[in-house]
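Shown next: start-v7.txt, given as compact mmCIF, C-alpha atoms and all ligand atoms.
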# COMPACT_ATOMS: atom_id res chain seq x y z
CA MET U 1 21.52 0.13 -32.74
CA ALA U 2 20.87 3.76 -31.74
CA GLU U 3 17.27 5.00 -31.85
CA LEU U 4 16.09 5.66 -35.41
CA ILE U 5 13.84 8.64 -36.09
CA LEU U 6 12.39 9.31 -39.54
CA HIS U 7 11.83 13.04 -40.15
CA GLN U 8 9.11 12.97 -42.78
CA ASP U 9 6.04 14.34 -44.45
CA PRO U 10 3.69 11.35 -44.82
CA ARG U 11 2.67 12.48 -48.34
CA SER U 12 6.24 12.09 -49.61
CA GLY U 13 7.23 8.98 -51.56
CA ASN U 14 10.87 9.66 -50.71
CA CYS U 15 9.95 9.32 -47.02
CA TYR U 16 7.85 6.24 -47.71
CA LYS U 17 10.87 4.44 -49.23
CA ILE U 18 12.55 4.53 -45.83
CA ALA U 19 9.42 3.50 -43.92
CA LEU U 20 8.89 0.61 -46.34
CA THR U 21 12.51 -0.55 -46.13
CA ALA U 22 12.33 -0.52 -42.32
CA ALA U 23 9.00 -2.37 -42.33
CA LEU U 24 10.21 -5.09 -44.71
CA LEU U 25 13.26 -5.60 -42.49
CA GLY U 26 11.31 -5.45 -39.20
CA ILE U 27 13.28 -2.40 -37.99
CA PRO U 28 11.34 -0.10 -35.63
CA LEU U 29 11.32 3.63 -36.53
CA SER U 30 10.08 6.60 -34.58
CA ILE U 31 8.39 9.28 -36.68
CA ARG U 32 8.60 13.08 -36.60
CA ASP U 33 6.13 14.68 -39.02
CA TYR U 34 6.55 18.00 -40.87
CA ASP U 35 4.24 19.82 -43.29
CA ILE U 36 6.37 20.78 -46.29
CA MET U 37 3.49 22.86 -47.70
CA GLN U 38 3.84 25.10 -44.64
CA GLY U 39 7.60 25.45 -45.01
CA GLU U 40 8.32 23.44 -41.88
CA THR U 41 11.58 22.10 -43.35
CA ARG U 42 12.81 25.62 -44.11
CA THR U 43 12.90 27.00 -40.56
CA PRO U 44 16.26 28.16 -39.14
CA GLU U 45 16.05 25.35 -36.55
CA PHE U 46 15.48 22.65 -39.17
CA LEU U 47 18.27 23.99 -41.42
CA ALA U 48 20.72 24.20 -38.53
CA ARG U 49 19.92 20.90 -36.84
CA VAL U 50 18.31 18.44 -39.26
CA ASN U 51 19.22 19.18 -42.90
CA ALA U 52 20.93 22.28 -44.29
CA ASN U 53 19.31 21.33 -47.63
CA GLY U 54 15.84 22.10 -46.21
CA ARG U 55 14.23 18.83 -47.23
CA ILE U 56 12.85 15.65 -45.80
CA PRO U 57 13.32 12.70 -45.51
CA VAL U 58 16.09 12.66 -42.96
CA LEU U 59 16.90 9.53 -41.00
CA GLN U 60 18.17 10.39 -37.54
CA ILE U 61 20.46 7.73 -36.08
CA GLY U 62 21.07 8.64 -32.46
CA ASP U 63 22.45 12.17 -32.70
CA ARG U 64 23.45 11.91 -36.37
CA PHE U 65 21.29 13.00 -39.31
CA LEU U 66 21.27 11.30 -42.71
CA PRO U 67 19.37 13.13 -45.50
CA GLU U 68 18.62 11.64 -48.94
CA SER U 69 16.10 8.83 -49.14
CA ASN U 70 18.24 6.32 -50.98
CA ALA U 71 21.21 6.85 -48.63
CA ALA U 72 18.93 6.22 -45.66
CA CYS U 73 17.52 3.05 -47.27
CA TRP U 74 21.09 1.88 -47.89
CA PHE U 75 21.99 2.51 -44.25
CA LEU U 76 19.06 0.36 -43.10
CA ALA U 77 19.43 -2.45 -45.62
CA GLN U 78 23.16 -3.16 -45.69
CA GLY U 79 23.72 -6.80 -44.81
CA SER U 80 20.13 -7.80 -45.65
CA ASP U 81 18.66 -9.50 -48.72
CA LEU U 82 17.57 -6.07 -50.00
CA VAL U 83 21.25 -5.43 -50.94
CA PRO U 84 22.74 -8.34 -52.91
CA ASP U 85 26.18 -9.69 -51.97
CA ASP U 86 27.35 -10.05 -55.57
CA ARG U 87 29.46 -7.06 -56.56
CA PHE U 88 27.85 -6.49 -59.97
CA ALA U 89 24.32 -6.97 -58.61
CA GLN U 90 25.04 -4.48 -55.82
CA ALA U 91 26.20 -1.89 -58.34
CA ASP U 92 23.15 -2.69 -60.49
CA VAL U 93 20.90 -1.86 -57.51
CA LEU U 94 22.68 1.49 -57.24
CA ARG U 95 22.24 1.99 -60.98
CA TRP U 96 18.43 1.80 -60.59
CA MET U 97 18.49 4.00 -57.50
CA PHE U 98 20.39 6.68 -59.43
CA PHE U 99 17.99 6.23 -62.36
CA GLU U 100 15.13 6.78 -59.94
CA GLN U 101 16.61 10.05 -58.69
CA TYR U 102 17.59 11.42 -62.11
CA ASN U 103 15.03 10.13 -64.62
CA HIS U 104 11.99 9.08 -62.59
CA GLU U 105 11.43 11.09 -59.42
CA PRO U 106 12.00 14.59 -60.90
CA ASN U 107 9.25 13.87 -63.43
CA VAL U 108 6.79 11.36 -61.95
CA ALA U 109 6.93 12.70 -58.38
CA THR U 110 7.01 16.36 -59.38
CA LEU U 111 3.87 16.06 -61.51
CA ARG U 112 2.12 14.22 -58.66
CA PHE U 113 3.12 17.01 -56.28
CA TRP U 114 2.01 19.77 -58.61
CA LEU U 115 -1.28 18.21 -59.71
CA ARG U 116 -2.41 16.50 -56.50
CA PHE U 117 -1.05 18.71 -53.71
CA VAL U 118 -0.45 22.18 -55.19
CA GLY U 119 -3.28 22.09 -57.75
CA GLN U 120 -3.20 23.10 -61.42
CA ASP U 121 -4.76 26.51 -60.67
CA ARG U 122 -2.03 27.45 -58.22
CA LEU U 123 0.94 26.51 -60.40
CA SER U 124 3.19 29.30 -61.65
CA GLU U 125 3.41 29.95 -65.38
CA ALA U 126 6.94 28.52 -65.32
CA GLN U 127 5.67 25.30 -63.70
CA LYS U 128 2.80 25.00 -66.18
CA ALA U 129 5.25 25.40 -69.06
CA GLN U 130 7.33 22.47 -67.72
CA ILE U 131 4.44 20.00 -67.58
CA PRO U 132 4.70 18.60 -71.16
CA ALA U 133 8.46 17.96 -70.91
CA ARG U 134 8.16 16.38 -67.45
CA ARG U 135 5.27 14.22 -68.66
CA ALA U 136 7.30 13.00 -71.65
CA ALA U 137 10.33 12.26 -69.46
CA GLY U 138 8.19 10.46 -66.87
CA GLU U 139 6.57 8.34 -69.58
CA ALA U 140 10.01 7.48 -70.95
CA ALA U 141 11.13 6.33 -67.50
CA LEU U 142 8.00 4.19 -67.02
CA LYS U 143 8.41 2.69 -70.50
CA LEU U 144 12.02 1.78 -69.80
CA MET U 145 10.95 0.13 -66.53
CA ASP U 146 8.18 -1.76 -68.32
CA GLU U 147 10.57 -3.08 -70.94
CA HIS U 148 13.07 -4.14 -68.26
CA LEU U 149 10.39 -5.96 -66.26
CA ALA U 150 8.97 -7.84 -69.26
CA GLY U 151 10.03 -11.43 -68.56
CA ARG U 152 11.51 -10.78 -65.13
CA ASP U 153 9.94 -10.30 -61.69
CA TRP U 154 12.36 -7.84 -60.03
CA PHE U 155 14.72 -5.08 -61.18
CA VAL U 156 17.86 -6.93 -60.07
CA GLY U 157 18.24 -10.68 -59.53
CA THR U 158 15.47 -12.95 -58.35
CA GLY U 159 14.06 -11.11 -55.33
CA ALA U 160 13.09 -7.65 -54.15
CA THR U 161 15.98 -5.24 -53.53
CA LEU U 162 16.35 -1.56 -52.76
CA ALA U 163 16.08 -0.95 -56.52
CA ASP U 164 12.46 -2.12 -56.34
CA ILE U 165 11.71 -0.10 -53.20
CA ALA U 166 13.19 3.11 -54.64
CA LEU U 167 11.18 2.78 -57.84
CA PHE U 168 7.98 1.55 -56.17
CA ALA U 169 7.54 4.65 -54.01
CA TYR U 170 6.39 7.05 -56.72
CA THR U 171 5.42 4.54 -59.42
CA HIS U 172 2.53 3.09 -57.40
CA VAL U 173 1.00 6.56 -57.04
CA CYS U 174 1.91 7.82 -60.53
CA GLU U 175 -1.76 8.07 -61.52
CA GLN U 176 -2.00 10.96 -59.05
CA GLY U 177 0.30 12.76 -61.52
CA CYS U 178 -1.95 11.68 -64.40
CA PHE U 179 0.29 8.88 -65.69
CA ALA U 180 -1.70 5.82 -66.85
CA LEU U 181 -0.56 2.53 -65.31
CA ASP U 182 -2.63 0.61 -67.89
CA ASP U 183 0.03 1.64 -70.42
CA TYR U 184 2.66 -0.35 -68.48
CA PRO U 185 1.44 -3.93 -67.88
CA ALA U 186 4.76 -5.34 -66.65
CA VAL U 187 5.09 -2.46 -64.20
CA SER U 188 1.52 -3.07 -63.00
CA ALA U 189 2.23 -6.76 -62.36
CA TRP U 190 5.43 -5.84 -60.48
CA LEU U 191 3.49 -3.37 -58.30
CA ASP U 192 1.21 -6.27 -57.29
CA ARG U 193 4.26 -8.40 -56.41
CA MET U 194 5.61 -5.57 -54.24
CA CYS U 195 2.32 -5.25 -52.37
CA ALA U 196 2.38 -9.00 -51.68
CA LEU U 197 5.81 -8.93 -49.96
CA PRO U 198 5.77 -10.14 -46.33
CA ARG U 199 5.55 -7.17 -43.90
CA PHE U 200 4.64 -4.75 -46.75
CA VAL U 201 3.10 -1.52 -45.47
CA PRO U 202 1.09 0.91 -47.64
CA MET U 203 1.92 4.59 -47.95
CA GLU U 204 0.06 6.70 -45.39
CA SER U 205 -1.44 9.15 -47.90
N1 LIG H 301 16.82 13.64 -53.28
C1 LIG H 301 16.05 13.82 -52.08
C2 LIG H 301 14.80 14.63 -52.41
C3 LIG H 301 14.17 15.22 -51.16
C4 LIG H 301 12.98 16.10 -51.49
O1 LIG H 301 12.82 16.59 -52.62
N2 LIG H 301 12.11 16.27 -50.49
C5 LIG H 301 10.91 17.05 -50.66
C6 LIG H 301 9.68 16.20 -50.33
S1 LIG H 301 9.63 14.70 -51.27
C7 LIG H 301 10.92 18.23 -49.69
O2 LIG H 301 11.38 18.11 -48.59
N3 LIG H 301 10.38 19.38 -50.11
C8 LIG H 301 10.22 20.50 -49.26
C9 LIG H 301 11.01 21.68 -49.69
O3 LIG H 301 11.79 21.58 -50.66
O4 LIG H 301 10.85 22.72 -49.04
C10 LIG H 301 15.69 12.47 -51.47
O5 LIG H 301 15.66 11.48 -52.20
O6 LIG H 301 15.49 12.38 -50.25

Give the structure from the file, written as structure tokens.
Amino acid sequence: MAELILHQDPRSGNCYKIALTAALLGIPLSIRDYDIMQGETRTPEFLARVNANGRIPVLQIGDRFLPESNAACWFLAQGSDLVPDDRFAQADVLRWMFFEQYNHEPNVATLRFWLRFVGQDRLSEAQKAQIPARRAAGEAALKLMDEHLAGRDWFVGTGATLADIALFAYTHVCEQGCFALDDYPAVSAWLDRMCALPRFVPMES
């Protein structure tokens, strides 16, 4: 396979999904770090060469660039146990990955970013006004996950898949966005199972 380079900010859960997928599969990745707080993904060079959408993560495969965390995880995991063979189960993995991007990440990750990295004092009035709605939507996503995991170990089937990796990335640090994991016991037990996977690597920051 061509050399794989992960363009990332180590504080980003979206980037961590790709690093975790590669680690679980034993795939070596080179790393290129950016500081998103300094606008390093918004430079003309980055927009022209790496991602016209101005965001990390981007997985570079040789001279090709693949933005979007879940697409990059899919690229790495096709043909492995992290993507089931069964047609329905495969679509069910995608279902949870889309749920993660639409219902979970915009709420759970955004509050973590605002409260931990930007800081409440530096939020705009518009951002402050969005906090209650994003908190309610994040809690709804975590509750739905908790109900799904009651009585089962993994989101799809009987082993870890990309559905688990996509949802793990920001759930395990949700307390940094002031969500309370104690409210979600099945999610908490699942987080422990994820951390116990062979070749698991923690998030850098
Ligand atoms: N849907 C994208 C989201 C990417 C994204 O929002 N990246 C953030 C960091 S997690 C970013 O690059 N922010 C910097 C910016 O927007 O300038 C994915 O899953 O990869």

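When CA of Asn53 (chain U) is paired with CA of Leu142 (chain U), their separation reads 28.2 Å.
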
As a ChimeraX atom specification, please: the residues near Tyr184 (chain U) (cut-off 9 Å, all atoms listed in the file, same-chain neighbours under 2 positions excluded). /U:142-143,145-147,180-182,186-189

Can you tell me which residues sit at most 10 Å away from ligand LIG 301 (chain H), counting all atoms listed in the file, written as a PyMOL selection string? chain U and resi 7-18+34-43+51+53-59+66-73+97-98+100-102+105-106+109-110+113+166+170

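With distances restricted to only C-alpha atoms, U:Leu82 is the closest residue to Thr158 (chain U) from U:Leu6, U:Leu29, U:Leu82, U:Met203.
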
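Among the candidate residues U:Cys174, U:Phe65, U:Leu20, U:Arg87, the one lying nearest to Phe46 (chain U) is U:Phe65, with distances computed using only C-alpha atoms.
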
For a quick check of understanding, using only C-alpha atoms, which of U:Arg135, U:His104, U:Lys128, U:Arg32 has the smallest distance to Gln60 (chain U)? U:Arg32

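Between CA of Arg152 (chain U) and CA of Ala77 (chain U) the separation is 22.6 Å.
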
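Atom pair CA of Leu76 (chain U) / CA of Arg64 (chain U): separated by 14.1 Å.
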
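Considering the residues U:Phe155, U:Ser205, U:Asp192, U:Pro185 and counting only C-alpha atoms, Pro84 (chain U) has its shortest atom-to-atom contact with U:Phe155.
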
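The closest residue to Trp96 (chain U), picked from U:Leu144, U:Cys178, U:Val173, U:Ile131 and counting all atoms listed in the file, is U:Leu144.
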
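Remark: for Met194 (chain U), the closest of the candidate residues U:Phe88, U:Thr21, U:Gly26, U:Ser124 is U:Thr21 (distances computed over only C-alpha atoms).
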
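Neighbouring residues of Phe200 (chain U) at 7 Å or closer, counting all atoms listed in the file and skipping chain neighbours under 3 positions away, are Leu20, Ala23, Leu24, Cys195, Ala196 and Leu197 of chain U.
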
Just region 47-170 of chain U from the block, C-alpha atoms, as an mmCIF file, in the first residue's frame, could you?
data_model
loop_
_atom_site.group_PDB
_atom_site.id
_atom_site.type_symbol
_atom_site.label_atom_id
_atom_site.label_comp_id
_atom_site.auth_asym_id
_atom_site.auth_seq_id
_atom_site.Cartn_x
_atom_site.Cartn_y
_atom_site.Cartn_z
ATOM 1 C CA LEU U 47 -6.985 24.611 0.813
ATOM 2 C CA ALA U 48 -5.311 24.058 -2.547
ATOM 3 C CA ARG U 49 -3.400 20.879 -1.742
ATOM 4 C CA VAL U 50 -4.953 19.033 1.203
ATOM 5 C CA ASN U 51 -8.654 19.843 1.641
ATOM 6 C CA ALA U 52 -10.656 22.599 -0.048
ATOM 7 C CA ASN U 53 -13.069 22.288 2.911
ATOM 8 C CA GLY U 54 -10.391 23.673 5.275
ATOM 9 C CA ARG U 55 -10.639 20.921 7.861
ATOM 10 C CA ILE U 56 -8.737 18.005 9.263
ATOM 11 C CA PRO U 57 -8.626 15.015 9.408
ATOM 12 C CA VAL U 58 -7.386 14.177 5.955
ATOM 13 C CA LEU U 59 -5.867 10.796 5.180
ATOM 14 C CA GLN U 60 -3.205 11.088 2.500
ATOM 15 C CA ILE U 61 -2.745 7.888 0.504
ATOM 16 C CA GLY U 62 0.323 8.355 -1.661
ATOM 17 C CA ASP U 63 -0.491 11.515 -3.611
ATOM 18 C CA ARG U 64 -4.259 11.335 -3.013
ATOM 19 C CA PHE U 65 -6.106 13.101 -0.192
ATOM 20 C CA LEU U 66 -9.195 11.714 1.545
ATOM 21 C CA PRO U 67 -11.021 14.127 3.908
ATOM 22 C CA GLU U 68 -13.863 13.108 6.261
ATOM 23 C CA SER U 69 -13.007 10.932 9.232
ATOM 24 C CA ASN U 70 -15.512 8.179 8.605
ATOM 25 C CA ALA U 71 -14.551 7.863 4.924
ATOM 26 C CA ALA U 72 -10.908 7.513 5.946
ATOM 27 C CA CYS U 73 -11.786 4.851 8.556
ATOM 28 C CA TRP U 74 -13.748 2.995 5.885
ATOM 29 C CA PHE U 75 -10.775 3.125 3.519
ATOM 30 C CA LEU U 76 -8.526 1.579 6.177
ATOM 31 C CA ALA U 77 -10.954 -1.038 7.475
ATOM 32 C CA GLN U 78 -12.491 -2.525 4.334
ATOM 33 C CA GLY U 79 -11.862 -6.263 4.326
ATOM 34 C CA SER U 80 -11.189 -6.393 8.084
ATOM 35 C CA ASP U 81 -13.401 -7.487 10.984
ATOM 36 C CA LEU U 82 -14.187 -3.813 11.663
ATOM 37 C CA VAL U 83 -16.518 -3.912 8.609
ATOM 38 C CA PRO U 84 -18.875 -6.911 8.712
ATOM 39 C CA ASP U 85 -19.368 -9.038 5.584
ATOM 40 C CA ASP U 86 -23.127 -9.359 6.025
ATOM 41 C CA ARG U 87 -24.913 -6.817 3.844
ATOM 42 C CA PHE U 88 -27.410 -5.650 6.478
ATOM 43 C CA ALA U 89 -24.752 -5.458 9.206
ATOM 44 C CA GLN U 90 -22.514 -3.417 6.912
ATOM 45 C CA ALA U 91 -25.323 -0.946 6.264
ATOM 46 C CA ASP U 92 -26.071 -0.896 10.005
ATOM 47 C CA VAL U 93 -22.453 0.162 10.662
ATOM 48 C CA LEU U 94 -22.958 3.013 8.199
ATOM 49 C CA ARG U 95 -26.223 3.899 9.934
ATOM 50 C CA TRP U 96 -24.353 4.499 13.222
ATOM 51 C CA MET U 97 -21.564 6.383 11.463
ATOM 52 C CA PHE U 98 -24.126 8.733 9.906
ATOM 53 C CA PHE U 99 -25.857 9.051 13.295
ATOM 54 C CA GLU U 100 -22.500 10.008 14.772
ATOM 55 C CA GLN U 101 -21.988 12.768 12.221
ATOM 56 C CA TYR U 102 -25.531 14.168 12.362
ATOM 57 C CA ASN U 103 -26.805 13.660 15.922
ATOM 58 C CA HIS U 104 -23.721 13.132 18.084
ATOM 59 C CA GLU U 105 -20.610 14.962 16.883
ATOM 60 C CA PRO U 106 -22.247 18.360 16.150
ATOM 61 C CA ASN U 107 -23.461 18.452 19.755
ATOM 62 C CA VAL U 108 -21.095 16.422 21.942
ATOM 63 C CA ALA U 109 -17.888 17.414 20.121
ATOM 64 C CA THR U 110 -18.885 21.031 19.601
ATOM 65 C CA LEU U 111 -19.590 21.585 23.304
ATOM 66 C CA ARG U 112 -16.258 19.951 24.172
ATOM 67 C CA PHE U 113 -14.506 22.255 21.711
ATOM 68 C CA TRP U 114 -16.240 25.372 22.978
ATOM 69 C CA LEU U 115 -15.919 24.650 26.703
ATOM 70 C CA ARG U 116 -12.510 22.973 26.847
ATOM 71 C CA PHE U 117 -10.513 24.604 24.040
ATOM 72 C CA VAL U 118 -12.155 27.974 23.292
ATOM 73 C CA GLY U 119 -13.380 28.703 26.830
ATOM 74 C CA GLN U 120 -16.790 29.952 27.957
ATOM 75 C CA ASP U 121 -15.524 33.552 28.279
ATOM 76 C CA ARG U 122 -14.380 33.681 24.668
ATOM 77 C CA LEU U 123 -17.548 32.304 23.082
ATOM 78 C CA SER U 124 -19.627 34.635 20.931
ATOM 79 C CA GLU U 125 -23.147 35.510 22.036
ATOM 80 C CA ALA U 126 -24.471 33.361 19.193
ATOM 81 C CA GLN U 127 -22.436 30.367 20.430
ATOM 82 C CA LYS U 128 -23.563 30.890 24.028
ATOM 83 C CA ALA U 129 -27.187 30.982 22.872
ATOM 84 C CA GLN U 130 -26.748 27.578 21.166
ATOM 85 C CA ILE U 131 -25.439 25.777 24.253
ATOM 86 C CA PRO U 132 -28.808 24.642 25.735
ATOM 87 C CA ALA U 133 -30.062 23.192 22.435
ATOM 88 C CA ARG U 134 -26.754 21.450 21.718
ATOM 89 C CA ARG U 135 -26.684 20.058 25.257
ATOM 90 C CA ALA U 136 -30.221 18.673 24.897
ATOM 91 C CA ALA U 137 -29.406 17.131 21.508
ATOM 92 C CA GLY U 138 -26.148 15.630 22.821
ATOM 93 C CA GLU U 139 -27.965 14.136 25.810
ATOM 94 C CA ALA U 140 -30.580 12.668 23.473
ATOM 95 C CA ALA U 141 -27.841 11.024 21.388
ATOM 96 C CA LEU U 142 -26.134 9.581 24.485
ATOM 97 C CA LYS U 143 -29.468 8.310 25.816
ATOM 98 C CA LEU U 144 -30.250 6.589 22.535
ATOM 99 C CA MET U 145 -26.798 4.961 22.593
ATOM 100 C CA ASP U 146 -27.316 3.859 26.198
ATOM 101 C CA GLU U 147 -30.656 2.259 25.385
ATOM 102 C CA HIS U 148 -29.172 0.480 22.356
ATOM 103 C CA LEU U 149 -26.248 -0.871 24.386
ATOM 104 C CA ALA U 150 -28.409 -2.159 27.251
ATOM 105 C CA GLY U 151 -28.141 -5.934 26.857
ATOM 106 C CA ARG U 152 -25.591 -5.897 24.048
ATOM 107 C CA ASP U 153 -21.823 -5.364 24.003
ATOM 108 C CA TRP U 154 -21.296 -3.616 20.624
ATOM 109 C CA PHE U 155 -23.322 -1.353 18.339
ATOM 110 C CA VAL U 156 -23.531 -3.919 15.530
ATOM 111 C CA GLY U 157 -23.132 -7.692 15.834
ATOM 112 C CA THR U 158 -20.915 -9.397 18.371
ATOM 113 C CA GLY U 159 -17.617 -7.545 18.030
ATOM 114 C CA ALA U 160 -16.191 -4.058 17.648
ATOM 115 C CA THR U 161 -16.802 -2.382 14.270
ATOM 116 C CA LEU U 162 -16.295 1.060 12.792
ATOM 117 C CA ALA U 163 -19.642 2.001 14.360
ATOM 118 C CA ASP U 164 -18.026 1.637 17.790
ATOM 119 C CA ILE U 165 -14.871 3.515 16.778
ATOM 120 C CA ALA U 166 -16.818 6.430 15.282
ATOM 121 C CA LEU U 167 -18.956 6.795 18.399
ATOM 122 C CA PHE U 168 -16.134 6.162 20.879
ATOM 123 C CA ALA U 169 -14.015 9.102 19.722
ATOM 124 C CA TYR U 170 -16.074 11.901 21.252
#
